[in-house]
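Student: Data: query21.txt, compact mmCIF, C-alpha atoms.
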# COMPACT_ATOMS: atom_id res chain seq x y z
CA MET W 1 -15.74 -40.15 -3.04
CA ASP W 2 -14.50 -37.58 -5.54
CA LYS W 3 -13.91 -34.06 -4.33
CA ILE W 4 -13.12 -31.08 -6.49
CA SER W 5 -9.70 -29.75 -5.57
CA ARG W 6 -9.87 -26.30 -3.97
CA LYS W 7 -6.76 -25.34 -5.94
CA GLU W 8 -8.38 -26.33 -9.25
CA VAL W 9 -11.54 -24.37 -8.51
CA SER W 10 -9.58 -21.34 -7.35
CA ILE W 11 -7.53 -21.37 -10.58
CA PHE W 12 -10.79 -21.47 -12.56
CA PHE W 13 -11.93 -18.29 -10.79
CA TYR W 14 -8.50 -16.74 -11.35
CA PHE W 15 -9.06 -17.24 -15.06
CA LEU W 16 -12.59 -15.84 -14.79
CA PHE W 17 -11.20 -12.81 -12.95
CA LEU W 18 -8.69 -12.24 -15.76
CA ILE W 19 -11.43 -12.39 -18.39
CA ALA W 20 -13.50 -9.92 -16.36
CA LEU W 21 -10.62 -7.44 -16.14
CA PHE W 22 -10.79 -7.08 -19.91
CA CYS W 23 -14.51 -6.62 -20.29
CA SER W 24 -17.04 -6.68 -17.44
CA LYS W 25 -17.62 -5.15 -13.99
CA THR W 26 -20.40 -7.67 -13.42
CA LEU W 27 -18.07 -10.56 -14.16
CA LEU W 28 -15.52 -9.02 -11.77
CA THR W 29 -18.11 -9.20 -8.99
CA ILE W 30 -19.00 -12.79 -9.89
CA ALA W 31 -15.33 -13.83 -9.88
CA MET W 32 -14.77 -12.19 -6.49
CA ILE W 33 -17.83 -13.90 -5.02
CA GLY W 34 -16.61 -17.17 -6.54
CA LEU W 35 -13.21 -16.85 -4.83
CA LEU W 36 -14.94 -16.16 -1.52
CA ALA W 37 -17.19 -19.18 -2.03
CA VAL W 38 -14.22 -21.46 -2.79
CA GLY W 39 -12.87 -20.70 0.66
CA VAL W 40 -16.19 -21.18 2.44
CA PHE W 41 -17.52 -24.31 0.74
CA GLU W 42 -16.34 -27.78 -0.16
CA ILE W 43 -17.76 -29.61 -3.19
CA GLN W 44 -18.15 -33.38 -3.46
CA LEU W 45 -19.12 -34.93 -6.80
CA LYS W 46 -20.16 -38.55 -6.05
CA PRO W 47 -22.68 -38.16 -4.56
CA PHE W 48 -23.00 -34.42 -5.08
CA ARG W 49 -22.77 -32.48 -1.85
CA LEU W 50 -22.04 -28.88 -1.01
CA GLY W 51 -20.63 -28.55 2.48
CA PHE W 52 -18.81 -26.11 4.70
CA ASN W 53 -15.03 -26.03 4.44
CA PRO W 54 -13.88 -27.87 7.60
CA ASN W 55 -10.61 -25.89 7.57
CA TYR W 56 -12.27 -22.49 7.22
CA TRP W 57 -11.74 -21.26 10.78
CA LYS W 58 -8.27 -22.79 10.95
CA ASN W 59 -7.26 -20.93 7.79
CA LEU W 60 -8.84 -17.72 9.01
CA LYS W 61 -6.73 -17.89 12.17
CA GLN W 62 -3.67 -17.72 9.91
CA LEU W 63 -4.64 -14.19 8.83
CA PRO W 64 -2.73 -12.43 11.67
CA ARG W 65 0.41 -14.21 10.43
CA ARG W 66 -0.15 -13.00 6.86
CA LYS W 67 1.04 -9.45 7.40
CA ASP W 68 1.00 -8.80 3.65
CA LEU W 69 -2.74 -9.53 3.55
CA LEU W 70 -3.28 -7.39 6.64
CA ALA W 71 -1.58 -4.49 4.84
CA VAL W 72 -4.10 -4.79 1.99
CA ILE W 73 -6.99 -4.84 4.47
CA GLY W 74 -5.43 -1.80 6.13
CA VAL W 75 -6.17 0.33 3.05
CA PHE W 76 -9.87 -0.49 3.47
CA LEU W 77 -9.68 0.39 7.17
CA LEU W 78 -8.19 3.79 6.30
CA ILE W 79 -11.30 4.62 4.30
CA VAL W 80 -13.48 3.40 7.18
CA LEU W 81 -11.55 5.52 9.71
CA SER W 82 -12.10 8.66 7.66
CA TYR W 83 -15.73 8.54 8.85
CA TRP W 84 -14.82 10.46 12.00
CA ASN W 85 -14.22 13.71 10.05
CA SER W 86 -16.65 13.11 7.18
CA GLU W 87 -19.94 14.95 7.40
CA ALA W 88 -21.25 13.69 4.05
CA THR W 89 -21.89 10.12 5.17
CA ALA W 90 -23.50 9.11 1.86
CA ASP W 91 -20.28 9.88 -0.06
CA TRP W 92 -18.27 8.15 2.67
CA SER W 93 -20.47 5.04 2.35
CA ASN W 94 -19.90 5.02 -1.41
CA GLN W 95 -16.12 5.15 -0.89
CA VAL W 96 -16.34 2.24 1.55
CA ARG W 97 -18.38 0.24 -0.97
CA VAL W 98 -15.88 0.88 -3.78
CA LYS W 99 -12.97 -0.21 -1.55
CA LEU W 100 -14.76 -3.32 -0.22
CA PRO W 101 -12.58 -5.64 -2.39
CA PHE W 102 -9.61 -4.58 -0.21
CA LEU W 103 -11.35 -6.46 2.61
CA LEU W 104 -13.11 -9.30 0.80
CA LEU W 105 -10.32 -10.50 -1.51
CA PRO W 106 -7.71 -10.94 1.27
CA LEU W 107 -10.33 -12.88 3.24
CA ALA W 108 -10.77 -15.08 0.17
CA PHE W 109 -7.06 -15.56 -0.53
CA VAL W 110 -6.21 -16.60 3.04
CA GLN W 111 -8.43 -19.64 2.40
CA LEU W 112 -6.90 -20.52 -0.96
CA PRO W 113 -3.94 -22.86 -1.54
CA ARG W 114 -0.53 -21.52 -2.42
CA LEU W 115 0.55 -21.67 -6.07
CA SER W 116 3.72 -23.33 -7.29
CA GLU W 117 5.85 -21.42 -9.79
CA ARG W 118 4.44 -23.57 -12.61
CA GLN W 119 0.85 -22.90 -11.56
CA LEU W 120 1.54 -19.18 -11.30
CA ALA W 121 3.12 -19.35 -14.75
CA HIS W 122 -0.04 -21.06 -16.07
CA VAL W 123 -2.12 -18.12 -14.79
CA PHE W 124 0.21 -15.65 -16.52
CA TYR W 125 0.16 -17.76 -19.69
CA ILE W 126 -3.63 -17.48 -19.82
CA PHE W 127 -3.28 -13.76 -19.11
CA LEU W 128 -0.91 -13.44 -22.06
CA LEU W 129 -3.38 -15.24 -24.36
CA LEU W 130 -6.33 -13.12 -23.17
CA ALA W 131 -4.35 -9.91 -23.62
CA THR W 132 -3.50 -10.99 -27.16
CA LEU W 133 -7.15 -11.73 -27.99
CA ALA W 134 -8.20 -8.35 -26.55
CA CYS W 135 -5.58 -6.57 -28.64
CA VAL W 136 -6.51 -8.48 -31.80
CA GLY W 137 -10.14 -7.46 -31.32
CA THR W 138 -9.13 -3.86 -30.63
CA GLY W 139 -6.87 -3.89 -33.68
CA ILE W 140 -9.62 -5.21 -35.97
CA ASN W 141 -12.01 -2.52 -34.75
CA TYR W 142 -9.30 0.09 -35.36
CA ALA W 143 -8.58 -1.23 -38.87
CA LEU W 144 -12.26 -1.04 -39.82
CA ASP W 145 -12.25 2.72 -39.19
CA TYR W 146 -8.54 3.41 -39.51
CA LYS W 147 -8.61 6.91 -40.99
CA TYR W 148 -11.23 8.36 -38.63
CA ILE W 149 -9.68 6.92 -35.45
CA THR W 150 -6.13 7.92 -36.45
CA ASN W 151 -7.22 11.48 -37.17
CA SER W 152 -9.27 11.67 -33.96
CA ILE W 153 -6.07 11.14 -31.96
CA ASN W 154 -5.05 14.63 -33.17
CA LEU W 155 -8.06 15.88 -31.19
CA GLY W 156 -7.04 14.10 -27.99
CA LYS W 157 -9.08 10.94 -28.52
CA SER W 158 -7.82 7.38 -28.07
CA ILE W 159 -8.23 4.09 -29.90
CA PRO W 160 -11.46 2.47 -28.61
CA THR W 161 -10.65 -0.31 -26.13
CA PRO W 162 -12.82 -2.86 -24.25
CA ILE W 163 -12.28 -0.97 -20.97
CA HIS W 164 -10.94 2.53 -20.25
CA HIS W 165 -7.87 3.02 -22.41
CA ILE W 166 -5.54 3.82 -19.50
CA ARG W 167 -6.55 0.72 -17.52
CA PHE W 168 -6.30 -1.33 -20.71
CA SER W 169 -2.78 -0.08 -21.37
CA LEU W 170 -1.75 -1.03 -17.82
CA MET W 171 -2.98 -4.56 -18.50
CA ILE W 172 -1.04 -4.74 -21.75
CA ALA W 173 2.11 -3.41 -20.10
CA PHE W 174 1.93 -6.10 -17.42
CA SER W 175 1.11 -8.79 -19.99
CA VAL W 176 4.42 -7.94 -21.70
CA VAL W 177 6.15 -8.31 -18.33
CA ALA W 178 4.44 -11.67 -17.85
CA GLY W 179 5.46 -12.81 -21.32
CA VAL W 180 9.11 -11.81 -20.82
CA TRP W 181 9.19 -13.72 -17.53
CA LEU W 182 7.52 -16.80 -19.03
CA ARG W 183 10.06 -16.85 -21.85
CA PHE W 184 12.95 -16.31 -19.47
CA ILE W 185 12.01 -19.29 -17.29
CA GLY W 186 11.27 -21.41 -20.39
CA HIS W 187 7.65 -22.07 -19.46
CA TYR W 188 5.29 -24.13 -21.60
CA TRP W 189 2.00 -25.94 -20.96
CA LEU W 190 2.25 -29.03 -23.16
CA LYS W 191 5.12 -28.73 -25.63
CA PRO W 192 8.50 -26.96 -25.49
CA SER W 193 7.71 -25.36 -28.86
CA GLU W 194 5.23 -23.10 -27.02
CA LYS W 195 8.22 -21.02 -25.95
CA HIS W 196 8.29 -19.58 -29.47
CA LEU W 197 4.58 -18.81 -29.26
CA ILE W 198 5.12 -16.98 -25.97
CA ALA W 199 7.94 -14.93 -27.50
CA THR W 200 5.80 -14.07 -30.53
CA LEU W 201 2.77 -13.02 -28.46
CA THR W 202 4.96 -10.93 -26.16
CA GLY W 203 6.51 -9.16 -29.15
CA PHE W 204 3.06 -8.52 -30.63
CA LEU W 205 1.78 -7.01 -27.36
CA PHE W 206 4.90 -4.85 -27.09
CA VAL W 207 4.30 -3.43 -30.57
CA PHE W 208 0.57 -3.03 -30.01
CA GLN W 209 1.20 -1.00 -26.87
CA HIS W 210 2.87 1.56 -29.13
CA VAL W 211 -0.07 1.46 -31.53
CA LEU W 212 -2.44 2.17 -28.62
CA SER W 213 -0.30 5.24 -27.91
CA VAL W 214 -1.44 5.67 -24.31
CA ARG W 215 1.41 7.71 -22.88
CA SER W 216 1.15 6.49 -19.29
CA GLY W 217 0.97 2.91 -20.60
CA LEU W 218 4.19 3.38 -22.56
CA VAL W 219 5.96 5.01 -19.62
CA VAL W 220 5.13 2.15 -17.24
CA LEU W 221 6.02 -0.44 -19.89
CA TYR W 222 9.52 0.91 -20.48
CA ALA W 223 10.11 1.49 -16.77
CA ALA W 224 9.14 -2.12 -16.02
CA LEU W 225 11.37 -3.42 -18.82
CA VAL W 226 14.33 -1.44 -17.45
CA ILE W 227 13.74 -2.98 -14.03
CA MET W 228 13.49 -6.47 -15.53
CA SER W 229 16.67 -5.90 -17.57
CA ILE W 230 18.59 -4.98 -14.42
CA TYR W 231 17.29 -8.08 -12.64
CA PHE W 232 18.07 -10.42 -15.52
CA VAL W 233 21.56 -9.02 -16.03
CA PHE W 234 22.25 -9.41 -12.32
CA TYR W 235 20.88 -12.96 -12.36
CA THR W 236 22.72 -14.14 -15.47
CA LYS W 237 25.91 -12.11 -14.73
CA LYS W 238 25.95 -11.11 -18.41
CA ILE W 239 26.87 -7.44 -18.11
CA LYS W 240 27.28 -7.13 -21.87
CA LEU W 241 23.59 -8.00 -22.23
CA PHE W 242 22.61 -4.75 -20.51
CA ALA W 243 24.87 -2.83 -22.90
CA ILE W 244 22.67 -4.17 -25.70
CA ILE W 245 19.27 -3.86 -24.00
CA LEU W 246 19.61 -0.32 -22.68
CA PRO W 247 20.28 1.32 -26.09
CA LEU W 248 17.38 -0.66 -27.55
CA LEU W 249 15.03 0.72 -24.90
CA VAL W 250 16.05 4.19 -26.06
CA ILE W 251 16.13 3.60 -29.81
CA VAL W 252 12.86 1.63 -30.14
CA PRO W 253 10.55 4.41 -28.85
CA LEU W 254 12.34 6.97 -31.03
CA VAL W 255 11.79 4.81 -34.11
CA ALA W 256 8.18 4.10 -33.05
CA VAL W 257 7.36 7.82 -32.85
CA GLN W 258 8.46 8.24 -36.46
CA THR W 259 6.85 5.11 -37.89
CA ILE W 260 3.58 4.49 -36.03
CA PRO W 261 0.87 7.01 -37.07
CA THR W 262 -1.15 6.85 -33.84
CA LEU W 263 1.91 7.46 -31.68
CA LYS W 264 3.12 10.25 -33.94
CA ASN W 265 -0.30 11.94 -33.75
CA LYS W 266 -0.41 11.47 -29.98
CA ILE W 267 2.95 13.21 -29.55
CA GLY W 268 1.75 16.01 -31.82
CA TYR W 269 -1.37 16.48 -29.71
CA LEU W 270 0.74 16.46 -26.53
CA ARG W 271 2.83 19.34 -27.83
CA TYR W 272 -0.30 21.25 -28.84
CA ASP W 273 -1.92 20.57 -25.46
CA LEU W 274 1.14 21.82 -23.56
CA ASP W 275 1.34 24.94 -25.74
CA MET W 276 -2.29 25.74 -24.96
CA PHE W 277 -1.62 25.20 -21.26
CA ARG W 278 1.39 27.53 -21.29
CA ASN W 279 -0.70 30.17 -23.08
CA GLY W 280 -3.38 30.06 -20.40
CA ASN W 281 -5.95 27.83 -22.14
CA ARG W 282 -6.12 25.14 -19.46
CA ALA W 283 -9.72 24.04 -19.55
CA GLY W 284 -10.32 22.36 -22.86
CA PHE W 285 -7.49 19.85 -23.02
CA SER W 286 -6.83 16.55 -21.26
CA ASP W 287 -3.37 17.39 -19.91
CA GLY W 288 -4.54 20.83 -18.84
CA GLN W 289 -7.38 19.29 -16.85
CA ARG W 290 -4.96 16.80 -15.30
CA PHE W 291 -2.69 19.62 -14.16
CA ILE W 292 -5.68 21.51 -12.80
CA SER W 293 -6.81 18.45 -10.83
CA TRP W 294 -3.35 18.33 -9.24
CA GLU W 295 -3.53 22.04 -8.45
CA ILE W 296 -6.99 21.79 -6.85
CA GLY W 297 -6.02 18.64 -4.95
CA GLY W 298 -2.94 20.43 -3.62
CA ILE W 299 -5.03 23.41 -2.46
CA VAL W 300 -7.46 21.12 -0.59
CA PHE W 301 -4.52 19.25 0.94
CA GLN W 302 -2.89 22.47 2.15
CA LYS W 303 -6.12 23.57 3.81
CA ASN W 304 -6.50 20.21 5.59
CA SER W 305 -2.89 19.05 5.85
CA THR W 306 -3.05 17.11 9.13
CA TRP W 307 -6.18 14.97 8.93
CA GLY W 308 -7.58 15.77 5.50
CA THR W 309 -11.18 16.47 4.61
CA GLY W 310 -12.38 12.93 5.23
CA PHE W 311 -13.26 10.88 2.17
CA GLY W 312 -16.92 11.64 2.69
CA ASP W 313 -16.36 15.39 2.27
CA LEU W 314 -13.57 15.28 -0.31
CA LYS W 315 -15.77 15.70 -3.39
CA ASN W 316 -17.58 18.68 -1.86
CA GLU W 317 -14.31 20.35 -0.88
CA LEU W 318 -12.88 19.85 -4.36
CA ALA W 319 -16.10 21.16 -5.93
CA ASN W 320 -15.93 24.33 -3.81
CA VAL W 321 -12.37 25.10 -4.91
CA TYR W 322 -13.24 24.35 -8.54
CA LYS W 323 -16.20 26.74 -8.27
CA THR W 324 -13.90 29.50 -7.05
CA ASN W 325 -10.91 28.95 -9.35
CA TYR W 326 -12.38 27.26 -12.44
CA PRO W 327 -16.18 27.76 -12.38
CA ASP W 328 -16.59 26.52 -15.96
CA LEU W 329 -14.94 23.16 -15.31
CA LYS W 330 -16.52 19.98 -14.01
CA PRO W 331 -14.86 19.01 -10.68
CA LYS W 332 -12.55 16.01 -10.87
CA LEU W 333 -10.70 13.92 -8.33
CA PRO W 334 -6.93 14.55 -8.40
CA HIS W 335 -5.26 12.46 -11.11
CA ASN W 336 -2.78 11.15 -8.57
CA GLN W 337 -3.54 8.38 -6.10
CA PHE W 338 -1.13 9.70 -3.48
CA LEU W 339 -2.48 13.24 -3.70
CA LEU W 340 -6.00 11.85 -3.40
CA PHE W 341 -5.14 10.21 -0.07
CA ALA W 342 -3.29 13.34 1.04
CA ALA W 343 -6.36 15.52 0.39
CA GLY W 344 -8.73 12.99 1.93
CA MET W 345 -6.72 12.07 5.03
CA GLY W 346 -3.86 14.58 5.33
CA TRP W 347 -0.23 13.75 6.03
CA THR W 348 -1.24 11.05 8.50
CA GLY W 349 -3.38 9.21 5.97
CA LEU W 350 -0.85 9.65 3.17
CA LEU W 351 1.99 8.19 5.26
CA ALA W 352 -0.26 5.32 6.37
CA PHE W 353 -1.32 4.59 2.79
CA VAL W 354 2.25 4.67 1.43
CA THR W 355 3.38 2.33 4.23
CA LEU W 356 0.54 -0.12 3.60
CA PHE W 357 1.03 0.09 -0.17
CA LEU W 358 4.76 -0.64 -0.04
CA PHE W 359 4.64 -3.25 2.73
CA PRO W 360 3.85 -6.29 0.48
CA LEU W 361 6.80 -5.40 -1.77
CA PHE W 362 9.29 -5.63 1.10
CA TYR W 363 7.51 -8.36 3.08
CA LYS W 364 9.75 -11.44 3.06
CA LYS W 365 11.85 -9.72 0.37
CA ASN W 366 9.19 -10.00 -2.35
CA TYR W 367 11.13 -7.35 -4.28
CA ARG W 368 13.64 -10.07 -5.15
CA PHE W 369 11.05 -11.66 -7.48
CA VAL W 370 11.41 -9.80 -10.77
CA VAL W 371 7.69 -9.92 -11.68
CA PHE W 372 6.75 -8.52 -8.28
CA ALA W 373 9.21 -5.65 -8.71
CA ALA W 374 8.03 -4.92 -12.27
CA PHE W 375 4.38 -4.99 -11.17
CA TYR W 376 5.08 -2.46 -8.41
CA THR W 377 6.91 -0.27 -10.90
CA ILE W 378 3.85 -0.23 -13.15
CA ILE W 379 1.37 0.43 -10.35
CA THR W 380 3.45 3.08 -8.59
CA LEU W 381 3.92 5.06 -11.79
CA SER W 382 0.22 4.74 -12.60
CA PHE W 383 -0.56 6.19 -9.16
CA LEU W 384 1.46 9.29 -10.09
CA PHE W 385 -0.70 10.04 -13.16
CA GLU W 386 -4.10 8.54 -12.25
CA ASN W 387 -6.35 7.82 -9.28
CA THR W 388 -6.15 4.15 -10.27
CA LEU W 389 -8.01 2.81 -7.23
CA SER W 390 -11.06 5.00 -7.81
CA SER W 391 -12.46 2.67 -10.46
CA ALA W 392 -13.59 -0.96 -10.30
CA PHE W 393 -11.18 -2.04 -13.04
CA GLY W 394 -8.24 -0.15 -11.53
CA THR W 395 -8.90 -1.71 -8.13
CA GLY W 396 -9.38 -5.13 -9.72
CA ILE W 397 -6.11 -4.93 -11.66
CA TYR W 398 -4.14 -3.86 -8.59
CA LEU W 399 -5.64 -6.34 -6.15
CA PHE W 400 -5.77 -9.40 -8.39
CA PHE W 401 -2.18 -9.30 -9.55
CA LEU W 402 -0.88 -8.27 -6.13
CA LEU W 403 -2.69 -11.09 -4.35
CA ILE W 404 -1.87 -13.71 -6.97
CA LEU W 405 1.82 -12.80 -6.69
CA MET W 406 1.59 -12.92 -2.90
CA GLN W 407 -0.01 -16.37 -3.17
CA ARG W 408 2.98 -18.01 -4.82
CA GLU W 409 5.06 -20.53 -2.93
CA LYS W 410 8.41 -19.05 -1.90
Could I get this file's structure written as structure tokens?
Tutor:
Amino acid sequence: MDKISRKEVSIFFYFLFLIALFCSKTLLTIAMIGLLAVGVFEIQLKPFRLGFNPNYWKNLKQLPRRKDLLAVIGVFLLIVLSYWNSEATADWSNQVRVKLPFLLLPLAFVQLPRLSERQLAHVFYIFLLLATLACVGTGINYALDYKYITNSINLGKSIPTPIHHIRFSLMIAFSVVAGVWLRFIGHYWLKPSEKHLIATLTGFLFVFQHVLSVRSGLVVLYAALVIMSIYFVFYTKKIKLFAIILPLLVIVPLVAVQTIPTLKNKIGYLRYDLDMFRNGNRAGFSDGQRFISWEIGGIVFQKNSTWGTGFGDLKNELANVYKTNYPDLKPKLPHNQFLLFAAGMGWTGLLAFVTLFLFPLFYKKNYRFVVFAAFYTIITLSFLFENTLSSAFGTGIYLFFLLILMQREK
């Protein structure tokens, strides 16, 4: 009797999850439900039968031993625990709903088979191809209205992307990391000549990240590449290699600023934005509003430094301070994931979140895997400039790649 391999089905839903990250919240939900279903059910083809996974409870009992998965679930529990000092239970319930993947995806992954290095590389290979297709589509759309979009960047706009431009740039940054790793290990699917394809696609994505001109995306990209360079030099013992790479990582962005119109316009707008901020015009510009969100988040944190406002009351507390200090502005969550937890749960919640966030990196020395270290570099820096986990795509990006890296065989 033929049975569909649980590993094969799980990899299918990994691919579906990757597609969803580039385009659809609905597809994200479907992929997550699919991964949960793979753990619960067993499929037989001849004759067709859908049955309960006989190893489900056995696998679930392994969860206490998977401390890395427990750390991910712990972030969800932090939101749940904030109920005790949240009076606005409707807002608290919404926060719990948004963070539900922190509970459901670890419960799915504890049921799924481990991935060999080659299988993990296959997933990243598909990711590289999808990222390329997404960038090609974005590039064609940009080319069709080149003049208007390029000029709009002078007004603080961004090149239209399939998902929010900051989340999209995080995906592209990590796809470059994936491509560099795939080329370094010499991965290919069918033919060795694919190594050249991987190198070409990685180079294209690297260049396109500069064309996108999302500043946070460029910062995390270069930071991740510096980390990877240090790892590779240490691994290969070729110290001279670093002497070549490091100057390139300085020279390339300087050349890009002078030669890529979108990036040049973005830098020009940044200077204008900062000048307006220094002159007291803080409301009408993106960076000004980001700084204000930090300021308001800091005020709320100072007023509730021990236990925070509770995530249910956080929006109301922020709105009250905005009304007093900046009545003409629409209240925003702090553009900093750590500050968001600090305001919502005080020092205690912030320390708990940082501990849970960093735990998978150090668990069983995961930091020794270069892709794991580069991924954490990207996510940590994104947390400094954005409340990444407050959106479905941000949460999906963080959880999927974290869990897939944790799923690899050591």
Student: Hey, can you check how far atom CA of Val220 of chain W sits from atom CA of Gly297 of chain W?
Tutor: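 About the pair atom CA of Val220 of chain W and atom CA of Gly297 of chain W: they are 23.4 Å apart.
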Student: Excluding segment 175-185 of chain W and any residue of its chain fewer than 5 positions from it, enumerate the residues within 6 Å of it, using all atoms listed in the file, and give them as a list in words.
Tutor: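 Within the cut-off, the hits are Phe124, Leu128 and Thr202 of chain W.
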Student: Quick one: pull the distance between atom CA of Ala392 of chain W and atom CA of Tyr56 of chain W, Å, one decimal.
Tutor: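 It comes out at 27.8 Å.
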Student: Report the distance between atom CA of Lys67 of chain W and atom CA of Pro360 of chain W in Å, rounded to one decimal place.
Tutor: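 Taking atom CA of Lys67 of chain W and atom CA of Pro360 of chain W, their separation equals 8.1 Å.
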Student: Find, counting all atoms listed in the file, the residue in W:Ile292, W:Val96, W:Leu405, W:Leu107 that gets nearest to Leu77 of chain W.
Tutor: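 Closest to Leu77 of chain W, using all atoms listed in the file: W:Val96.
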Student: Could you tell me which of W:Val371, W:Phe41, W:Ala352, W:Pro261 comes closest to Ile149 of chain W if we count all atoms listed in the file?
Tutor: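 With all atoms listed in the file as the atom set, the closest residue is W:Pro261.
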